[in-house]
$ cat model19.csv   # CSV, C-alpha atoms
chain,number,residue,atom,x,y,z
A,4,MET,CA,-10.3,-23.2,-0.4
A,5,SER,CA,-10.9,-26.8,-1.3
A,6,VAL,CA,-13.8,-27.9,-3.6
A,7,PHE,CA,-15.8,-29.2,-0.7
A,8,GLU,CA,-15.2,-26.1,1.4
A,9,ARG,CA,-16.5,-24.0,-1.5
A,10,LEU,CA,-19.7,-26.1,-1.6
A,11,ARG,CA,-20.6,-24.9,1.9
A,12,GLY,CA,-22.5,-28.0,3.0
A,13,HIS,CA,-24.5,-28.6,-0.2
A,14,GLU,CA,-25.5,-32.2,-0.5
A,15,GLU,CA,-24.9,-32.5,-4.2
A,16,VAL,CA,-23.7,-30.4,-7.1
A,17,VAL,CA,-24.0,-31.9,-10.6
A,18,PHE,CA,-22.5,-30.5,-13.9
A,19,PHE,CA,-24.3,-31.5,-17.1
A,20,ASN,CA,-22.8,-31.1,-20.6
A,21,ASP,CA,-24.4,-32.0,-24.0
A,22,ALA,CA,-22.2,-31.1,-26.9
A,23,ALA,CA,-24.9,-31.8,-29.5
A,24,SER,CA,-27.3,-29.1,-28.2
A,25,GLY,CA,-24.7,-26.9,-26.5
A,26,LEU,CA,-26.2,-27.5,-23.1
A,27,ARG,CA,-24.0,-26.5,-20.1
A,28,ALA,CA,-25.9,-26.7,-16.8
A,29,ILE,CA,-25.2,-26.9,-13.1
A,30,VAL,CA,-27.7,-28.3,-10.6
A,31,ALA,CA,-27.1,-27.6,-6.9
A,32,ILE,CA,-29.0,-29.4,-4.1
A,33,PHE,CA,-28.5,-27.7,-0.7
A,34,SER,CA,-30.8,-29.8,1.5
A,35,THR,CA,-33.4,-32.6,1.2
A,36,ALA,CA,-34.0,-32.7,5.0
A,37,LEU,CA,-37.6,-31.6,4.5
A,38,GLY,CA,-38.3,-33.3,1.1
A,39,PRO,CA,-37.0,-33.3,-2.4
A,40,ALA,CA,-35.2,-30.2,-3.4
A,41,ILE,CA,-37.1,-27.7,-5.6
A,42,GLY,CA,-36.0,-24.5,-7.3
A,43,GLY,CA,-36.1,-22.8,-10.7
A,44,THR,CA,-33.8,-23.0,-13.6
A,45,ARG,CA,-32.0,-19.8,-14.4
A,46,PHE,CA,-30.8,-19.3,-18.0
A,47,ARG,CA,-28.1,-16.5,-18.1
A,48,PRO,CA,-25.0,-15.6,-20.1
A,49,TYR,CA,-22.7,-15.8,-17.1
A,50,GLU,CA,-19.3,-14.1,-17.7
A,51,THR,CA,-17.5,-17.2,-16.3
A,52,GLU,CA,-18.3,-20.7,-15.1
A,53,ASP,CA,-17.1,-19.7,-11.6
A,54,ALA,CA,-19.8,-17.0,-11.6
A,55,ALA,CA,-22.4,-19.5,-12.6
A,56,LEU,CA,-21.3,-21.9,-9.9
A,57,ALA,CA,-21.3,-19.2,-7.2
A,58,ASP,CA,-24.9,-18.1,-8.3
A,59,VAL,CA,-26.3,-21.6,-8.2
A,60,LEU,CA,-24.8,-22.3,-4.8
A,61,ASP,CA,-26.2,-19.1,-3.3
A,62,LEU,CA,-29.6,-19.6,-4.9
A,63,SER,CA,-30.0,-23.2,-3.8
A,64,GLU,CA,-29.2,-22.4,-0.2
A,65,ALA,CA,-31.7,-19.5,-0.3
A,66,MET,CA,-34.3,-22.0,-1.7
A,67,ALA,CA,-33.8,-24.3,1.3
A,68,TYR,CA,-34.4,-21.4,3.7
A,69,LYS,CA,-37.4,-20.2,1.7
A,70,CYS,CA,-39.2,-23.6,1.8
A,71,ALA,CA,-38.4,-24.1,5.5
A,72,VAL,CA,-39.7,-20.7,6.6
A,73,ALA,CA,-42.8,-21.1,4.4
A,74,GLY,CA,-43.7,-24.3,6.1
A,75,LEU,CA,-43.3,-26.5,3.0
A,76,ASP,CA,-42.1,-30.1,3.2
A,77,LEU,CA,-39.6,-29.5,0.4
A,78,GLY,CA,-35.9,-29.0,0.3
A,79,GLY,CA,-33.8,-26.4,-1.5
A,80,GLY,CA,-32.1,-26.7,-4.9
A,81,LYS,CA,-31.5,-24.6,-8.0
A,82,ALA,CA,-30.1,-24.9,-11.5
A,83,VAL,CA,-28.4,-22.7,-14.0
A,84,ILE,CA,-28.0,-23.0,-17.7
A,85,ILE,CA,-25.0,-21.0,-19.1
A,86,GLY,CA,-25.9,-19.1,-22.2
A,87,ASP,CA,-28.0,-16.4,-23.7
A,88,PRO,CA,-31.6,-17.5,-23.7
A,89,LEU,CA,-32.4,-15.2,-26.6
A,90,ARG,CA,-29.8,-16.9,-28.8
A,91,ASP,CA,-29.0,-20.3,-27.3
A,92,LYS,CA,-32.3,-21.6,-26.0
A,93,THR,CA,-33.5,-24.3,-28.4
A,94,GLU,CA,-35.9,-27.2,-28.2
A,95,ALA,CA,-33.0,-29.6,-28.5
A,96,LEU,CA,-31.2,-27.9,-25.6
A,97,LEU,CA,-34.3,-28.0,-23.4
A,98,LEU,CA,-35.0,-31.7,-24.2
A,99,ALA,CA,-31.3,-32.5,-23.4
A,100,TYR,CA,-31.7,-30.7,-20.1
A,101,GLY,CA,-34.8,-32.7,-19.3
A,102,ARG,CA,-32.9,-35.9,-19.9
A,103,CYS,CA,-30.2,-34.8,-17.6
A,104,LEU,CA,-32.6,-33.8,-14.8
A,105,GLN,CA,-34.3,-37.2,-15.1
A,106,THR,CA,-31.1,-38.9,-14.1
A,107,LEU,CA,-31.3,-37.3,-10.6
A,108,GLY,CA,-34.3,-39.5,-9.9
A,109,GLY,CA,-36.5,-36.9,-8.3
A,110,ARG,CA,-34.0,-35.5,-5.8
A,111,TYR,CA,-34.5,-32.2,-7.6
A,112,TYR,CA,-37.7,-30.6,-9.1
A,113,THR,CA,-37.2,-27.7,-11.4
A,114,ALA,CA,-39.4,-24.7,-12.3
A,115,CYS,CA,-39.2,-21.3,-14.0
A,116,ASP,CA,-36.7,-18.6,-13.1
A,117,VAL,CA,-34.9,-15.7,-14.9
A,118,GLY,CA,-34.7,-16.6,-18.6
A,119,THR,CA,-37.1,-19.6,-18.5
A,120,TYR,CA,-40.8,-19.7,-18.9
A,121,VAL,CA,-43.9,-21.9,-18.6
A,122,GLU,CA,-43.6,-23.0,-22.2
A,123,ASP,CA,-40.0,-24.1,-21.5
A,124,MET,CA,-41.1,-26.2,-18.6
A,125,ASP,CA,-43.6,-27.9,-20.9
A,126,VAL,CA,-40.7,-28.9,-23.3
A,127,ILE,CA,-38.4,-30.0,-20.5
A,128,ALA,CA,-41.3,-32.2,-19.1
A,129,ARG,CA,-41.3,-34.2,-22.3
A,130,GLU,CA,-38.1,-35.8,-21.1
A,131,CYS,CA,-38.4,-35.4,-17.3
A,132,GLU,CA,-41.1,-36.2,-14.8
A,133,PHE,CA,-39.7,-33.9,-12.1
A,134,VAL,CA,-40.8,-30.5,-13.6
A,135,THR,CA,-43.1,-27.9,-12.0
A,136,GLY,CA,-44.3,-24.5,-13.2
A,137,ARG,CA,-45.8,-26.2,-16.3
A,138,SER,CA,-48.8,-24.8,-18.1
A,139,THR,CA,-52.3,-25.6,-16.8
A,140,ALA,CA,-53.0,-27.3,-20.2
A,141,ALA,CA,-50.0,-29.6,-19.4
A,142,GLY,CA,-51.4,-30.3,-15.9
A,143,GLY,CA,-49.2,-27.7,-14.1
A,144,ALA,CA,-50.0,-24.8,-11.8
A,145,GLY,CA,-48.9,-22.2,-14.4
A,146,ASP,CA,-46.7,-19.1,-14.1
A,147,SER,CA,-45.2,-19.0,-10.6
A,148,SER,CA,-44.7,-15.2,-10.8
A,149,VAL,CA,-48.4,-14.8,-10.1
A,150,LEU,CA,-48.1,-16.0,-6.4
A,151,THR,CA,-44.6,-14.6,-6.1
A,152,ALA,CA,-45.9,-11.1,-6.7
A,153,ILE,CA,-48.9,-11.6,-4.3
A,154,GLY,CA,-46.5,-12.9,-1.6
A,155,VAL,CA,-44.2,-9.9,-1.9
A,156,PHE,CA,-47.3,-7.6,-1.8
A,157,GLU,CA,-48.4,-9.4,1.4
A,158,ALA,CA,-45.0,-9.0,2.9
A,159,MET,CA,-44.9,-5.3,2.0
A,160,ARG,CA,-48.3,-4.8,3.7
A,161,ALA,CA,-47.0,-6.5,6.8
A,162,ALA,CA,-43.9,-4.3,6.8
A,163,ALA,CA,-46.1,-1.2,6.4
A,164,ASP,CA,-48.2,-2.4,9.4
A,165,HIS,CA,-45.1,-2.9,11.4
A,166,VAL,CA,-43.6,0.6,10.5
A,167,TRP,CA,-46.7,2.8,10.1
A,168,GLY,CA,-49.4,0.9,11.9
A,169,GLU,CA,-51.6,0.3,8.8
A,170,PRO,CA,-51.4,-2.8,6.5
A,171,THR,CA,-51.7,-0.8,3.3
A,172,LEU,CA,-49.5,1.0,0.9
A,173,ALA,CA,-52.2,3.6,0.1
A,174,GLY,CA,-50.7,7.0,-0.2
A,175,ARG,CA,-47.1,5.6,0.0
A,176,ARG,CA,-44.5,5.9,-2.8
A,177,VAL,CA,-43.0,2.6,-3.8
A,178,GLY,CA,-40.1,2.1,-6.1
A,179,ILE,CA,-39.7,-1.2,-8.0
A,180,GLU,CA,-36.3,-2.1,-9.4
A,181,GLY,CA,-37.0,-4.6,-12.2
A,182,ALA,CA,-40.2,-4.6,-14.3
A,183,GLY,CA,-40.1,-8.3,-15.2
A,184,LYS,CA,-42.5,-11.1,-14.4
A,185,VAL,CA,-42.7,-10.3,-10.7
A,186,GLY,CA,-42.1,-6.6,-10.7
A,187,ALA,CA,-44.8,-5.9,-13.3
A,188,ARG,CA,-47.4,-7.9,-11.4
A,189,LEU,CA,-46.4,-6.3,-8.1
A,190,ALA,CA,-46.8,-2.8,-9.7
A,191,GLY,CA,-50.4,-3.7,-10.5
A,192,HIS,CA,-51.2,-4.8,-6.9
A,193,LEU,CA,-49.7,-1.6,-5.6
A,194,VAL,CA,-51.6,0.6,-8.0
A,195,ASP,CA,-54.8,-1.2,-6.9
A,196,ASP,CA,-53.9,-0.6,-3.3
A,197,GLY,CA,-53.6,3.2,-3.9
A,198,ALA,CA,-49.8,3.5,-3.9
A,199,ALA,CA,-47.8,5.8,-6.1
A,200,VAL,CA,-45.5,3.5,-8.1
A,201,VAL,CA,-42.1,4.3,-9.6
A,202,ILE,CA,-40.4,1.6,-11.8
A,203,THR,CA,-37.0,1.2,-13.5
A,204,ASP,CA,-35.6,-1.5,-15.7
A,205,VAL,CA,-32.6,-1.9,-18.0
A,206,VAL,CA,-35.0,-3.4,-20.7
A,207,PRO,CA,-37.2,-0.6,-22.1
A,208,ALA,CA,-39.8,-3.0,-23.4
A,209,ALA,CA,-40.4,-4.3,-19.9
A,210,VAL,CA,-41.1,-0.7,-18.7
A,211,GLU,CA,-43.4,-0.1,-21.7
A,212,ARG,CA,-45.5,-3.1,-20.9
A,213,VAL,CA,-46.1,-1.9,-17.4
A,214,ARG,CA,-46.9,1.6,-18.5
A,215,ALA,CA,-49.3,0.3,-21.1
A,216,GLU,CA,-51.4,-1.4,-18.4
A,217,HIS,CA,-50.8,1.2,-15.7
A,218,PRO,CA,-50.1,4.6,-17.4
A,219,GLN,CA,-50.0,6.4,-14.0
A,220,VAL,CA,-46.8,4.6,-13.1
A,221,GLU,CA,-43.7,6.8,-13.1
A,222,VAL,CA,-40.5,5.8,-14.7
A,223,VAL,CA,-36.9,6.6,-13.8
A,224,ALA,CA,-33.6,5.7,-15.5
A,225,PRO,CA,-31.7,2.7,-14.2
A,226,GLY,CA,-29.5,3.7,-11.3
A,227,GLU,CA,-31.7,6.7,-10.2
A,228,LEU,CA,-34.2,4.7,-8.1
A,229,PRO,CA,-32.1,4.5,-4.9
A,230,ASP,CA,-31.9,8.3,-4.7
A,231,ALA,CA,-35.6,8.8,-5.3
A,232,ALA,CA,-37.9,10.1,-2.6
A,233,LEU,CA,-39.6,6.7,-1.7
A,234,ASP,CA,-41.3,5.1,1.3
A,235,VAL,CA,-40.6,1.6,0.1
A,236,TYR,CA,-37.8,0.3,-2.1
A,237,SER,CA,-38.5,-3.1,-3.8
A,238,PRO,CA,-35.7,-5.0,-5.5
A,239,CYS,CA,-37.3,-7.3,-8.1
A,240,ALA,CA,-34.4,-7.8,-10.6
A,241,LEU,CA,-31.3,-9.9,-10.0
A,242,GLY,CA,-29.5,-10.6,-6.8
A,243,GLY,CA,-26.8,-8.5,-5.1
A,244,SER,CA,-28.4,-5.2,-5.9
A,245,LEU,CA,-28.4,-4.0,-2.3
A,246,THR,CA,-24.9,-2.7,-2.1
A,247,ARG,CA,-23.5,-0.5,0.6
A,248,ASP,CA,-23.6,2.5,-1.8
A,249,VAL,CA,-27.3,1.8,-2.7
A,250,VAL,CA,-28.3,1.4,0.9
A,251,GLY,CA,-26.4,4.6,1.8
A,252,ALA,CA,-28.5,6.5,-0.8
A,253,LEU,CA,-31.9,5.1,0.2
A,254,GLN,CA,-34.5,7.4,1.6
A,255,ALA,CA,-37.1,4.6,2.0
A,256,ARG,CA,-38.2,3.2,5.4
A,257,ILE,CA,-38.8,-0.3,4.1
A,258,VAL,CA,-37.0,-2.6,1.7
A,259,CYS,CA,-39.1,-5.5,0.5
A,260,GLY,CA,-38.8,-7.2,-2.9
A,261,GLY,CA,-39.0,-10.3,-5.1
A,262,ALA,CA,-35.4,-10.7,-6.1
A,263,ASN,CA,-33.3,-13.6,-4.6
A,264,ASN,CA,-30.2,-12.9,-2.6
A,265,GLN,CA,-30.7,-9.2,-2.5
A,266,LEU,CA,-27.8,-8.3,-0.1
A,267,ALA,CA,-24.5,-7.8,-1.9
A,268,ASP,CA,-22.7,-9.0,1.3
A,269,PRO,CA,-23.7,-9.8,4.9
A,270,THR,CA,-22.7,-6.4,6.2
A,271,VAL,CA,-25.5,-4.7,4.2
A,272,GLY,CA,-28.1,-6.2,6.5
A,273,ALA,CA,-26.5,-4.5,9.5
A,274,GLN,CA,-26.2,-1.2,7.5
A,275,LEU,CA,-30.0,-1.3,6.8
A,276,ALA,CA,-30.7,-1.7,10.5
A,277,GLU,CA,-28.2,1.1,11.4
A,278,ARG,CA,-30.1,3.5,9.0
A,279,GLY,CA,-33.4,2.6,10.6
A,280,ILE,CA,-34.6,0.8,7.4
A,281,THR,CA,-36.9,-2.2,7.9
A,282,TYR,CA,-35.7,-5.1,5.7
A,283,VAL,CA,-38.0,-8.0,4.9
A,284,PRO,CA,-35.7,-11.0,4.1
A,285,ASP,CA,-36.1,-11.9,0.5
A,286,PHE,CA,-36.6,-15.6,1.2
A,287,VAL,CA,-39.6,-14.7,3.4
A,288,ALA,CA,-41.2,-12.2,1.0
A,289,ASN,CA,-40.8,-14.1,-2.3
A,290,ALA,CA,-41.9,-17.5,-1.2
A,291,GLY,CA,-45.2,-17.4,-3.1
A,292,GLY,CA,-43.7,-18.8,-6.3
A,293,ILE,CA,-42.3,-21.9,-4.6
A,294,ILE,CA,-45.6,-22.4,-2.8
A,295,GLN,CA,-47.3,-22.4,-6.2
A,296,VAL,CA,-45.0,-24.8,-7.9
A,297,GLY,CA,-44.7,-26.9,-4.8
A,298,ALA,CA,-48.4,-27.7,-5.3
A,299,GLU,CA,-47.4,-29.8,-8.3
A,300,VAL,CA,-45.2,-31.9,-6.1
A,301,ARG,CA,-47.3,-32.1,-2.9
A,302,GLY,CA,-50.7,-32.0,-4.5
A,303,TYR,CA,-52.4,-29.2,-2.7
A,304,THR,CA,-55.1,-27.2,-4.4
A,305,ALA,CA,-55.0,-23.7,-5.9
A,306,ASP,CA,-57.0,-22.4,-2.9
A,307,GLU,CA,-54.5,-23.9,-0.5
A,308,SER,CA,-51.6,-22.3,-2.4
A,309,ARG,CA,-53.4,-18.9,-2.2
A,310,ALA,CA,-53.9,-19.4,1.6
A,311,LYS,CA,-50.2,-20.4,2.2
A,312,THR,CA,-49.2,-17.3,0.2
A,313,ALA,CA,-51.5,-15.0,2.2
A,314,ALA,CA,-49.8,-16.4,5.3
A,315,ILE,CA,-46.6,-14.6,4.3
A,316,PHE,CA,-48.2,-11.5,5.9
A,317,ASP,CA,-48.3,-13.2,9.3
A,318,THR,CA,-44.8,-14.7,8.9
A,319,THR,CA,-43.4,-11.3,8.0
A,320,LYS,CA,-45.1,-9.6,10.9
A,321,SER,CA,-43.8,-12.3,13.3
A,322,VAL,CA,-40.2,-12.1,12.0
A,323,LEU,CA,-40.1,-8.3,12.2
A,324,ALA,CA,-41.6,-8.3,15.7
A,325,GLU,CA,-39.1,-11.0,17.0
A,326,ALA,CA,-36.2,-9.1,15.4
A,327,ASP,CA,-37.2,-5.8,17.2
A,328,ALA,CA,-37.8,-7.6,20.5
A,329,GLY,CA,-34.5,-9.3,20.5
A,330,GLY,CA,-32.4,-6.6,18.9
A,331,LEU,CA,-31.6,-9.0,16.0
A,332,LEU,CA,-31.5,-8.6,12.2
A,333,PRO,CA,-34.7,-9.9,10.5
A,334,THR,CA,-32.5,-12.1,8.3
A,335,VAL,CA,-30.9,-13.7,11.4
A,336,VAL,CA,-34.4,-14.5,12.9
A,337,ALA,CA,-35.7,-16.0,9.6
A,338,GLN,CA,-32.5,-18.0,9.1
A,339,ARG,CA,-32.7,-19.5,12.6
A,340,ARG,CA,-36.3,-20.5,12.1
A,341,ALA,CA,-35.4,-22.3,8.8
A,342,GLU,CA,-32.3,-24.0,10.3
A,343,GLU,CA,-34.3,-25.2,13.3
A,344,ARG,CA,-37.0,-26.7,11.2
A,345,MET,CA,-34.5,-28.4,8.9
A,346,GLN,CA,-32.6,-29.8,11.9
A,347,ARG,CA,-35.8,-31.1,13.5

$ encode --input "model19.csv" --output "structure tokens"
Amino acid sequence: MSVFERLRGHEEVVFFNDAASGLRAIVAIFSTALGPAIGGTRFRPYETEDAALADVLDLSEAMAYKCAVAGLDLGGGKAVIIGDPLRDKTEALLLAYGRCLQTLGGRYYTACDVGTYVEDMDVIARECEFVTGRSTAAGGAGDSSVLTAIGVFEAMRAAADHVWGEPTLAGRRVGIEGAGKVGARLAGHLVDDGAAVVITDVVPAAVERVRAEHPQVEVVAPGELPDAALDVYSPCALGGSLTRDVVGALQARIVCGGANNQLADPTVGAQLAERGITYVPDFVANAGGIIQVGAEVRGYTADESRAKTAAIFDTTKSVLAEADAGGLLPTVVAQRRAEERMQR
């Protein structure tokens, strides 16, 4: 496979290296058909540079679909920084990263993702004007996980209405894989709605934080959640967690979560349908975060951001209904909508 074949139609892929700070970063821009590309910066200790490249290519493509389906006039991009954020993240590295992003001239706007936080965006913004997800004190919209979790909850309510005829999770048992920024907030919304919530995470401290706020939440060990008796399974950790083995073990009727690129491979979507499990495409459910940070680019208000996020309920209902009516996978329906809008 040639380099350009591997890039799968991405408009631009840029590698940044700053020896003084140790920065090694990749920015991928999939599409600017609808506007400047936007997407978070992921800071992870990737095992190989190839793994980092594969991740940023997949994530940037998903961001383009996410913005298009959500009705945003923004394109899709993503960035990864290779390293351990607990050890390698320094002010010097973040400032160097900001200087690198500035050279792209606004073709890509960054935001928070796994391993990066609002305070990091504030540092990056000292060297780059194309930064979203900044603190409200710095003129930003704040932590994007707030609306991401609300959007996933709205999508889950829509899926419940589609499957059970009621837009609520009250009385249902929901399992959340990943108790990080999004999973923890989602747990709170579900508890408030009357759901029984089960969580798991490889980081004990993350679980403890959720339990401290919601002591009624049940905890299971990592790897045990797919086999649990659940009504809804919610992947909110890293991508690729929905493998054929995981789906084969699921007892849930609905899969709806906040993680990006949840399907380990394209056949898993068909397997979910064959098992009678309703799947909400991740880039439909988790669009709340990009709606929130997009406000910093397009200038709409907090109330408008909330309204756009609430509309994820209607989008989810429409995608699931069209998929059922046409005998199609929900992911296929959502992708077609995104592609048609980008082509127009």

$ atom_distance --input "model19.csv" --atom1 "atom CA of A:His165" --atom2 "atom CA of A:Lys320"
6.7 Å

$ atom_distance --input "model19.csv" --atom1 "atom CA of A:Val250" --atom2 "atom CA of A:Pro229"
7.6 Å

$ closest_residue --input "model19.csv" --among "A:Leu26, A:Val206, A:Ala255, A:Ala128" --to "A:Lys92" --atoms "all atoms listed in the file"
A:Leu26

$ residues_around --input "model19.csv" --residues "A:Val296" --least-positions-apart "5" --cutoff "12 Å" --atoms "all atoms listed in the file" --output "ChimeraX atom specification"
/A:41-43,70,75,77,112-116,121,124,133-139,142-151,290-291,301-305,308-309,312

$ closest_residue --input "model19.csv" --among "A:Arg90, A:Asp234, A:Gly292, A:Val300" --to "A:Ala162" --atoms "only C-alpha atoms"
A:Asp234

$ residues_around --input "model19.csv" --residues "A:Val287" --least-positions-apart "3" --cutoff "10 Å" --atoms "only C-alpha atoms" --output "list in words"
Ala65, Tyr68, Lys69, Cys70, Ala71, Val72, Ala73, Gly154, Val155, Ala158, Cys259, Gly260, Gly261, Val283, Pro284, Ala290, Gly291, Ile315, Phe316, Thr318, Thr319, Val322, Pro333, Thr334, Ala337 and Gln338 of chain A

$ closest_residue --input "model19.csv" --among "A:Asp285, A:Cys131, A:Tyr120, A:Val200" --to "A:Gly242" --atoms "only C-alpha atoms"
A:Asp285
